[in-house]
Amino acid sequence: MTRTHATGPAAERGLVVAVDLHDAKRPLEPELAEYEALIVAAGATLVGRMVQRLERVDPATLVGSGKAHEIAERAAVLAATKLFVFNDLRPRQRTNLQEIVPLPIVDRTMVILDIFAQRARSREGQLQVELAQLRYRQANLIGAGASLSRLGGGVGTRGPGETKLEVDRRRIAQRISVVRSGLEDVRRSRATRRPEAGGVPLVALVGYTNAGKSSLLNRLSRAGADGAFVADQPFATLDPTLRRVYLGPQRYARLADTVGFITDLPEELVAAFRATLEELSGADVLVHVIDGSNADWPRQRTSVEAILHDLALDEKPVVLAFNKCDAAGFPAGTLPADAIPVSARSGAGITALREAILTRLDALRSTA
Ligand SMILES: Nc1nc2c(ncn2[C@@H]2O[C@H](COP(=O)(O)OP(=O)(O)OP(=O)(O)O)[C@@H](O)[C@H]2O)c(=O)[nH]1
Ligand SMILES: [Mg+2]
């Protein structure tokens, strides 16, 4: 698959480095490929990939000091401008690696945070991302130089500019309290503005990023040009969208689109988005949207279920919508018995999906 992105002449040239630990339960390739897609979605260009096979990560430099020197040479040959590390990096490993490789080091959490920073549109979303970025930099002693994007004036790492780490840390702490109180203001006003539900049930679309949640929202609500933003990129949706949808004669629901989930969603982000995600606790039924054309769906499904569990949402009635049933690879593997194959694109299975949602809602009514 070719990925195009509006990268200007200043696009970062990324060299990707991963340690392969040969974990049979967690093969490297799908997650590494996902990481590279995230890097591209963040606006960087990939110029190389280096994988080091190890029994365990090197406690000092992650990759081992010999490999680290190799990385530095390769980075120079490729004219890389950022080093994208796949594995978790401890602050000490980051510091040591930084001494050998003279490039800003970016990890997976920072890439995800950067995408969020670029996409957040609402005031609340922007503040949430900035808070997550500040907390992450604070916890990992990361200076502003490692920010992914060089654009000035943005949120989060795209703000204060390059400063000494100590100055940075003091500023970070100050900024955190400013952002926190800003968030409180936004939330207070949202709470007072929230429209009365008036007995209309709330249904929430949840699922892995890029599964097709926004497309399904548009399909179910038949939204036209002003529909929810759909794109073949991770985290296209950050701000929750709510639409009234028809389920059957005299039956309507409010349908909520949500931010996509991802394996190991950074804890700072879960914390930052908790308030938004907690609105899901008001949902009567969840529609778990799965990209059934992606061979990696079982892993994605497990990740989503783990996050739902963390958010104490795993007791809610769930409809499993296997989306993209029009796509060539569908179904990738065997579908679970309770799966509903749908296509947001062609409209196939949408009636069955409406019926399944109604059935779950009726079951709730009869037990209430
Ligand atoms: N073939 C096919 N593609 C689909 C279908 N539904 C969505 N897509 C494509 O999948 C990609 C992601 O769709 P979105 O609706 O943005 O997915 P999302 O789950 O909202 O993604 P995030 O907001 O990033 O979490 C887009 O390129 C869509 O065009 C479908 O039924 N069939
Ligand atoms: Mg979306």
# chains A, B, ... in the order shown; residues from 1 in each chain; ligands from 1
$ residues_near_ligand --ligand "ligand 2" --cutoff "7 Å" --atoms "only C-alpha atoms and all ligand atoms" --output "number ranges by chain"
A: 210, 212-214, 229-230, 235-237, 257-260
$ residues_near_ligand --ligand "ligand 1" --cutoff "9 Å" --atoms "only C-alpha atoms and all ligand atoms" --output "VMD selection string"
chain A and resid 205 to 218 228 to 238 257 to 262 289 to 291 293 322 to 328 342 to 348
$ write_last_selection --atoms "N, CA and C atoms" --output "compact mmCIF listing (two decimals), in the first residue's frame"
# COMPACT_ATOMS: atom_id res chain seq x y z
N LEU A 205 -20.32 4.25 19.28
CA LEU A 205 -19.44 3.47 18.41
C LEU A 205 -18.06 3.46 19.04
N VAL A 206 -17.52 2.29 19.26
CA VAL A 206 -16.15 2.20 19.77
C VAL A 206 -15.38 1.27 18.84
N GLY A 207 -14.07 1.30 18.92
CA GLY A 207 -13.29 0.38 18.11
C GLY A 207 -11.90 0.88 17.80
N TYR A 208 -11.15 0.01 17.17
CA TYR A 208 -9.77 0.33 16.82
C TYR A 208 -9.75 1.48 15.83
N THR A 209 -8.69 2.24 15.86
CA THR A 209 -8.59 3.35 14.93
C THR A 209 -8.60 2.84 13.49
N ASN A 210 -9.30 3.56 12.63
CA ASN A 210 -9.41 3.23 11.20
C ASN A 210 -10.38 2.07 10.90
N ALA A 211 -11.14 1.62 11.90
CA ALA A 211 -12.06 0.50 11.68
C ALA A 211 -13.26 0.91 10.84
N GLY A 212 -13.57 2.22 10.85
CA GLY A 212 -14.71 2.70 10.07
C GLY A 212 -15.86 3.21 10.92
N LYS A 213 -15.56 3.66 12.14
CA LYS A 213 -16.61 4.15 13.04
C LYS A 213 -17.31 5.38 12.48
N SER A 214 -16.51 6.36 12.03
CA SER A 214 -17.12 7.59 11.51
C SER A 214 -17.91 7.31 10.23
N SER A 215 -17.39 6.39 9.41
CA SER A 215 -18.11 6.02 8.19
C SER A 215 -19.46 5.40 8.54
N LEU A 216 -19.47 4.58 9.58
CA LEU A 216 -20.73 3.95 10.00
C LEU A 216 -21.69 4.99 10.57
N LEU A 217 -21.14 5.94 11.31
CA LEU A 217 -21.98 7.02 11.84
C LEU A 217 -22.65 7.75 10.68
N ASN A 218 -21.85 8.06 9.67
CA ASN A 218 -22.40 8.76 8.51
C ASN A 218 -23.45 7.90 7.81
N ALA A 228 -19.29 13.33 9.47
CA ALA A 228 -18.08 13.21 10.28
C ALA A 228 -16.88 12.97 9.36
N PHE A 229 -15.74 13.46 9.79
CA PHE A 229 -14.52 13.35 8.99
C PHE A 229 -14.05 11.90 8.91
N VAL A 230 -13.95 11.41 7.67
CA VAL A 230 -13.52 10.03 7.42
C VAL A 230 -12.20 10.10 6.68
N ALA A 231 -11.23 9.31 7.10
CA ALA A 231 -9.97 9.31 6.38
C ALA A 231 -9.22 8.03 6.63
N ASP A 232 -8.43 7.63 5.64
CA ASP A 232 -7.63 6.42 5.80
C ASP A 232 -6.36 6.78 6.56
N GLN A 233 -6.53 7.11 7.79
CA GLN A 233 -5.40 7.47 8.63
C GLN A 233 -5.81 7.22 10.07
N PRO A 234 -4.84 6.89 10.92
CA PRO A 234 -5.20 6.67 12.30
C PRO A 234 -5.62 7.96 12.98
N PHE A 235 -6.56 7.83 13.88
CA PHE A 235 -7.03 8.96 14.69
C PHE A 235 -7.58 10.12 13.87
N ALA A 236 -8.40 9.77 12.87
CA ALA A 236 -9.06 10.81 12.11
C ALA A 236 -10.05 11.56 13.01
N THR A 237 -10.64 10.84 13.94
CA THR A 237 -11.64 11.46 14.82
C THR A 237 -11.06 11.66 16.21
N LEU A 238 -11.15 12.86 16.70
CA LEU A 238 -10.73 13.09 18.08
C LEU A 238 -11.85 13.66 18.92
N ASP A 257 -19.90 9.00 18.02
CA ASP A 257 -18.64 8.56 17.42
C ASP A 257 -17.56 8.85 18.46
N THR A 258 -16.52 8.07 18.53
CA THR A 258 -15.49 8.32 19.54
C THR A 258 -14.10 8.22 18.93
N VAL A 259 -13.14 8.64 19.72
CA VAL A 259 -11.75 8.51 19.34
C VAL A 259 -11.41 7.03 19.22
N GLY A 260 -10.60 6.69 18.20
CA GLY A 260 -10.23 5.29 18.00
C GLY A 260 -9.26 4.81 19.05
N PHE A 261 -9.26 3.51 19.29
CA PHE A 261 -8.33 2.93 20.25
C PHE A 261 -7.15 2.34 19.49
N ILE A 262 -6.11 2.04 20.22
CA ILE A 262 -4.92 1.44 19.62
C ILE A 262 -4.23 0.62 20.70
N VAL A 289 -16.92 -1.63 16.55
CA VAL A 289 -16.67 -1.71 15.11
C VAL A 289 -15.29 -2.33 14.88
N ILE A 290 -15.27 -3.38 14.07
CA ILE A 290 -14.02 -4.10 13.79
C ILE A 290 -13.80 -4.09 12.28
N ASP A 291 -12.57 -3.85 11.87
CA ASP A 291 -12.23 -3.92 10.44
C ASP A 291 -12.01 -5.40 10.09
N SER A 293 -11.71 -6.80 7.39
CA SER A 293 -10.88 -7.08 6.22
C SER A 293 -9.40 -7.06 6.59
N PHE A 322 -18.76 -6.20 12.20
CA PHE A 322 -17.57 -6.46 11.38
C PHE A 322 -17.69 -5.68 10.08
N ASN A 323 -16.99 -4.56 10.04
CA ASN A 323 -17.13 -3.62 8.94
C ASN A 323 -16.24 -3.98 7.76
N LYS A 324 -16.48 -3.33 6.66
CA LYS A 324 -15.72 -3.46 5.41
C LYS A 324 -15.97 -4.81 4.74
N CYS A 325 -17.21 -5.32 4.86
CA CYS A 325 -17.51 -6.63 4.27
C CYS A 325 -17.52 -6.55 2.74
N ASP A 326 -17.43 -5.33 2.20
CA ASP A 326 -17.31 -5.18 0.74
C ASP A 326 -15.86 -5.36 0.28
N ALA A 327 -14.92 -5.30 1.21
CA ALA A 327 -13.50 -5.27 0.83
C ALA A 327 -13.00 -6.66 0.43
N ALA A 328 -11.93 -6.66 -0.38
CA ALA A 328 -11.42 -7.89 -0.98
C ALA A 328 -11.06 -8.95 0.06
N VAL A 342 -21.01 -5.91 8.11
CA VAL A 342 -21.61 -4.68 7.58
C VAL A 342 -20.61 -4.01 6.64
N SER A 343 -21.14 -3.08 5.85
CA SER A 343 -20.26 -2.23 5.07
C SER A 343 -20.78 -0.81 5.14
N ALA A 344 -20.00 0.04 5.76
CA ALA A 344 -20.37 1.45 5.80
C ALA A 344 -20.35 2.00 4.38
N ARG A 345 -19.48 1.43 3.55
CA ARG A 345 -19.33 1.94 2.19
C ARG A 345 -20.52 1.58 1.31
N SER A 346 -20.90 0.29 1.30
CA SER A 346 -21.96 -0.13 0.38
C SER A 346 -23.34 -0.11 1.04
N GLY A 347 -23.37 -0.08 2.36
CA GLY A 347 -24.66 -0.12 3.04
C GLY A 347 -25.11 -1.53 3.39
N ALA A 348 -24.34 -2.53 2.97
CA ALA A 348 -24.71 -3.92 3.27
C ALA A 348 -24.74 -4.14 4.78
$ residues_around --residues "A:Ala272" --least-positions-apart "6" --cutoff "9 Å" --atoms "only C-alpha atoms" --output "VMD selection string"
chain A and resid 125 127 to 132
$ write_last_selection --atoms "all heavy atoms" --output "PDB file, in the first residue's frame"
ATOM      1  N   GLY A 125     -10.427  19.091  23.375  1.00  0.00           N
ATOM      2  CA  GLY A 125      -9.513  18.112  22.795  1.00  0.00           C
ATOM      3  C   GLY A 125      -8.081  18.624  22.793  1.00  0.00           C
ATOM      4  O   GLY A 125      -7.144  17.921  23.167  1.00  0.00           O
ATOM      5  N   LEU A 127      -6.745  20.922  24.718  1.00  0.00           N
ATOM      6  CA  LEU A 127      -6.212  21.002  26.087  1.00  0.00           C
ATOM      7  C   LEU A 127      -5.858  19.612  26.614  1.00  0.00           C
ATOM      8  O   LEU A 127      -4.836  19.426  27.276  1.00  0.00           O
ATOM      9  CB  LEU A 127      -7.227  21.690  27.008  1.00  0.00           C
ATOM     10  CG  LEU A 127      -7.418  23.191  26.771  1.00  0.00           C
ATOM     11  CD1 LEU A 127      -8.607  23.710  27.577  1.00  0.00           C
ATOM     12  CD2 LEU A 127      -6.159  23.977  27.140  1.00  0.00           C
ATOM     13  N   GLN A 128      -6.695  18.651  26.294  1.00  0.00           N
ATOM     14  CA  GLN A 128      -6.437  17.283  26.755  1.00  0.00           C
ATOM     15  C   GLN A 128      -5.119  16.758  26.190  1.00  0.00           C
ATOM     16  O   GLN A 128      -4.326  16.136  26.883  1.00  0.00           O
ATOM     17  CB  GLN A 128      -7.591  16.347  26.345  1.00  0.00           C
ATOM     18  CG  GLN A 128      -8.831  16.549  27.178  1.00  0.00           C
ATOM     19  CD  GLN A 128      -9.989  15.644  26.761  1.00  0.00           C
ATOM     20  OE1 GLN A 128     -10.672  15.112  27.596  1.00  0.00           O
ATOM     21  NE2 GLN A 128     -10.203  15.465  25.478  1.00  0.00           N
ATOM     22  N   VAL A 129      -4.896  17.004  24.890  1.00  0.00           N
ATOM     23  CA  VAL A 129      -3.665  16.525  24.269  1.00  0.00           C
ATOM     24  C   VAL A 129      -2.457  17.260  24.848  1.00  0.00           C
ATOM     25  O   VAL A 129      -1.438  16.655  25.154  1.00  0.00           O
ATOM     26  CB  VAL A 129      -3.689  16.745  22.745  1.00  0.00           C
ATOM     27  CG1 VAL A 129      -2.387  16.263  22.139  1.00  0.00           C
ATOM     28  CG2 VAL A 129      -4.842  16.008  22.116  1.00  0.00           C
ATOM     29  N   GLU A 130      -2.613  18.545  25.014  1.00  0.00           N
ATOM     30  CA  GLU A 130      -1.469  19.292  25.544  1.00  0.00           C
ATOM     31  C   GLU A 130      -1.104  18.792  26.938  1.00  0.00           C
ATOM     32  O   GLU A 130       0.078  18.608  27.262  1.00  0.00           O
ATOM     33  CB  GLU A 130      -1.755  20.796  25.577  1.00  0.00           C
ATOM     34  CG  GLU A 130      -0.544  21.568  26.092  1.00  0.00           C
ATOM     35  CD  GLU A 130      -0.649  23.077  25.958  1.00  0.00           C
ATOM     36  OE1 GLU A 130      -1.680  23.577  25.477  1.00  0.00           O
ATOM     37  OE2 GLU A 130       0.323  23.751  26.350  1.00  0.00           O
ATOM     38  N   LEU A 131      -2.118  18.524  27.744  1.00  0.00           N
ATOM     39  CA  LEU A 131      -1.871  18.008  29.083  1.00  0.00           C
ATOM     40  C   LEU A 131      -1.144  16.661  29.005  1.00  0.00           C
ATOM     41  O   LEU A 131      -0.185  16.412  29.749  1.00  0.00           O
ATOM     42  CB  LEU A 131      -3.201  17.873  29.836  1.00  0.00           C
ATOM     43  CG  LEU A 131      -3.107  17.468  31.300  1.00  0.00           C
ATOM     44  CD1 LEU A 131      -2.299  18.484  32.096  1.00  0.00           C
ATOM     45  CD2 LEU A 131      -4.508  17.328  31.915  1.00  0.00           C
ATOM     46  N   ALA A 132      -1.586  15.816  28.101  1.00  0.00           N
ATOM     47  CA  ALA A 132      -0.947  14.501  27.947  1.00  0.00           C
ATOM     48  C   ALA A 132       0.514  14.657  27.531  1.00  0.00           C
ATOM     49  O   ALA A 132       1.404  13.977  28.045  1.00  0.00           O
ATOM     50  CB  ALA A 132      -1.711  13.667  26.920  1.00  0.00           C
TER      51      ALA A 132
END
$ closest_residue --among "A:Arg121, A:His69, A:Arg354, A:Lys25" --to "A:Ser221" --atoms "only C-alpha atoms"
A:Arg354
$ closest_residue --among "A:Leu335, A:Leu89, A:Leu286, A:Ala72" --to "A:Lys316" --atoms "only C-alpha atoms"
A:Leu286
$ closest_residue --among "A:Arg274, A:His288, A:Arg137, A:Arg251" --to "A:Glu355" --atoms "only C-alpha atoms"
A:Arg251
$ atom_distance --atom1 "atom CA of A:Asn96" --atom2 "atom CA of A:Thr45"
25.3 Å
$ residues_around --residues "A:Ala256" --least-positions-apart "3" --cutoff "8 Å" --atoms "only C-alpha atoms" --output "compact mmCIF listing (two decimals) with C-alpha atoms, in the first residue's frame"
# COMPACT_ATOMS: atom_id res chain seq x y z
CA LEU A 202 -27.44 6.64 23.73
CA VAL A 203 -25.47 4.26 21.53
CA ALA A 204 -21.69 4.64 21.20
CA LEU A 205 -19.44 3.47 18.41
CA LEU A 217 -21.98 7.02 11.84
CA PRO A 240 -16.82 13.17 19.95
CA THR A 241 -19.67 13.63 17.48
CA LEU A 242 -23.26 12.94 18.39
CA ARG A 243 -26.04 12.27 15.86
$ residues_around --residues "stretch 54-57 of chain A" --least-positions-apart "3" --cutoff "9 Å" --atoms "only C-alpha atoms" --output "count of residues only"
10
$ closest_residue --among "A:Met110, A:Leu320, A:Leu141, A:Leu15" --to "A:Met50" --atoms "only C-alpha atoms"
A:Leu15
$ residues_around --residues "A:Thr81" --least-positions-apart "6" --cutoff "10 Å" --atoms "only C-alpha atoms" --output "list of chain:residue names"
A:Ala11, A:Glu12, A:Arg13, A:Gly14, A:Leu15, A:Ala44, A:Thr45, A:Val47, A:Ala75, A:Pro102, A:Leu103, A:Pro104, A:Ile105
$ decode --residues "stretch 251-306 of chain A" --atoms "C-alpha atoms" --output "PDB file, in the first residue's frame"
ATOM      1  CA  ARG A 251     -37.373   4.354  17.348  1.00  0.00           C
ATOM      2  CA  TYR A 252     -34.407   6.672  17.461  1.00  0.00           C
ATOM      3  CA  ALA A 253     -31.100   6.768  19.273  1.00  0.00           C
ATOM      4  CA  ARG A 254     -28.374   9.260  19.814  1.00  0.00           C
ATOM      5  CA  LEU A 255     -25.269   7.777  18.213  1.00  0.00           C
ATOM      6  CA  ALA A 256     -21.831   8.854  19.436  1.00  0.00           C
ATOM      7  CA  ASP A 257     -18.637   8.563  17.417  1.00  0.00           C
ATOM      8  CA  THR A 258     -15.492   8.318  19.538  1.00  0.00           C
ATOM      9  CA  VAL A 259     -11.745   8.513  19.337  1.00  0.00           C
ATOM     10  CA  GLY A 260     -10.225   5.294  18.001  1.00  0.00           C
ATOM     11  CA  PHE A 261      -8.331   2.928  20.248  1.00  0.00           C
ATOM     12  CA  ILE A 262      -4.923   1.436  19.622  1.00  0.00           C
ATOM     13  CA  THR A 263      -2.734  -1.232  21.242  1.00  0.00           C
ATOM     14  CA  ASP A 264      -0.985   0.241  24.277  1.00  0.00           C
ATOM     15  CA  LEU A 265      -2.845   3.503  24.017  1.00  0.00           C
ATOM     16  CA  PRO A 266      -0.489   5.771  25.941  1.00  0.00           C
ATOM     17  CA  GLU A 267      -1.546   5.979  29.538  1.00  0.00           C
ATOM     18  CA  GLU A 268      -1.225   9.777  29.468  1.00  0.00           C
ATOM     19  CA  LEU A 269      -3.756   9.855  26.672  1.00  0.00           C
ATOM     20  CA  VAL A 270      -6.205   7.578  28.414  1.00  0.00           C
ATOM     21  CA  ALA A 271      -5.891   9.818  31.458  1.00  0.00           C
ATOM     22  CA  ALA A 272      -6.295  12.964  29.400  1.00  0.00           C
ATOM     23  CA  PHE A 273      -9.250  11.642  27.438  1.00  0.00           C
ATOM     24  CA  ARG A 274     -10.831   9.956  30.409  1.00  0.00           C
ATOM     25  CA  ALA A 275     -13.411  12.695  30.780  1.00  0.00           C
ATOM     26  CA  THR A 276     -14.420  12.301  27.142  1.00  0.00           C
ATOM     27  CA  LEU A 277     -14.321   8.537  27.306  1.00  0.00           C
ATOM     28  CA  GLU A 278     -16.270   8.544  30.530  1.00  0.00           C
ATOM     29  CA  GLU A 279     -19.176   9.976  28.637  1.00  0.00           C
ATOM     30  CA  LEU A 280     -19.320   6.488  27.205  1.00  0.00           C
ATOM     31  CA  SER A 281     -20.445   5.345  30.619  1.00  0.00           C
ATOM     32  CA  GLY A 282     -23.758   7.011  29.836  1.00  0.00           C
ATOM     33  CA  ALA A 283     -24.182   4.786  26.764  1.00  0.00           C
ATOM     34  CA  ASP A 284     -26.906   2.154  26.805  1.00  0.00           C
ATOM     35  CA  VAL A 285     -25.288   0.010  24.120  1.00  0.00           C
ATOM     36  CA  LEU A 286     -21.845  -0.070  22.543  1.00  0.00           C
ATOM     37  CA  VAL A 287     -21.274  -0.934  18.912  1.00  0.00           C
ATOM     38  CA  HIS A 288     -17.782  -2.379  18.681  1.00  0.00           C
ATOM     39  CA  VAL A 289     -16.667  -1.714  15.108  1.00  0.00           C
ATOM     40  CA  ILE A 290     -14.024  -4.103  13.794  1.00  0.00           C
ATOM     41  CA  ASP A 291     -12.229  -3.921  10.444  1.00  0.00           C
ATOM     42  CA  GLY A 292     -13.030  -7.463   9.333  1.00  0.00           C
ATOM     43  CA  SER A 293     -10.880  -7.079   6.218  1.00  0.00           C
ATOM     44  CA  ASN A 294      -7.735  -6.599   8.282  1.00  0.00           C
ATOM     45  CA  ALA A 295      -5.990  -9.890   9.094  1.00  0.00           C
ATOM     46  CA  ASP A 296      -4.831  -8.266  12.311  1.00  0.00           C
ATOM     47  CA  TRP A 297      -8.384  -7.808  13.640  1.00  0.00           C
ATOM     48  CA  PRO A 298      -8.127 -10.371  16.465  1.00  0.00           C
ATOM     49  CA  ARG A 299      -5.296  -8.402  18.063  1.00  0.00           C
ATOM     50  CA  GLN A 300      -7.122  -5.124  17.518  1.00  0.00           C
ATOM     51  CA  ARG A 301     -10.287  -6.537  19.043  1.00  0.00           C
ATOM     52  CA  THR A 302      -8.410  -7.746  22.124  1.00  0.00           C
ATOM     53  CA  SER A 303      -6.816  -4.313  22.571  1.00  0.00           C
ATOM     54  CA  VAL A 304     -10.163  -2.561  22.386  1.00  0.00           C
ATOM     55  CA  GLU A 305     -11.678  -4.971  24.895  1.00  0.00           C
ATOM     56  CA  ALA A 306      -8.771  -4.392  27.277  1.00  0.00           C
TER      57      ALA A 306
END
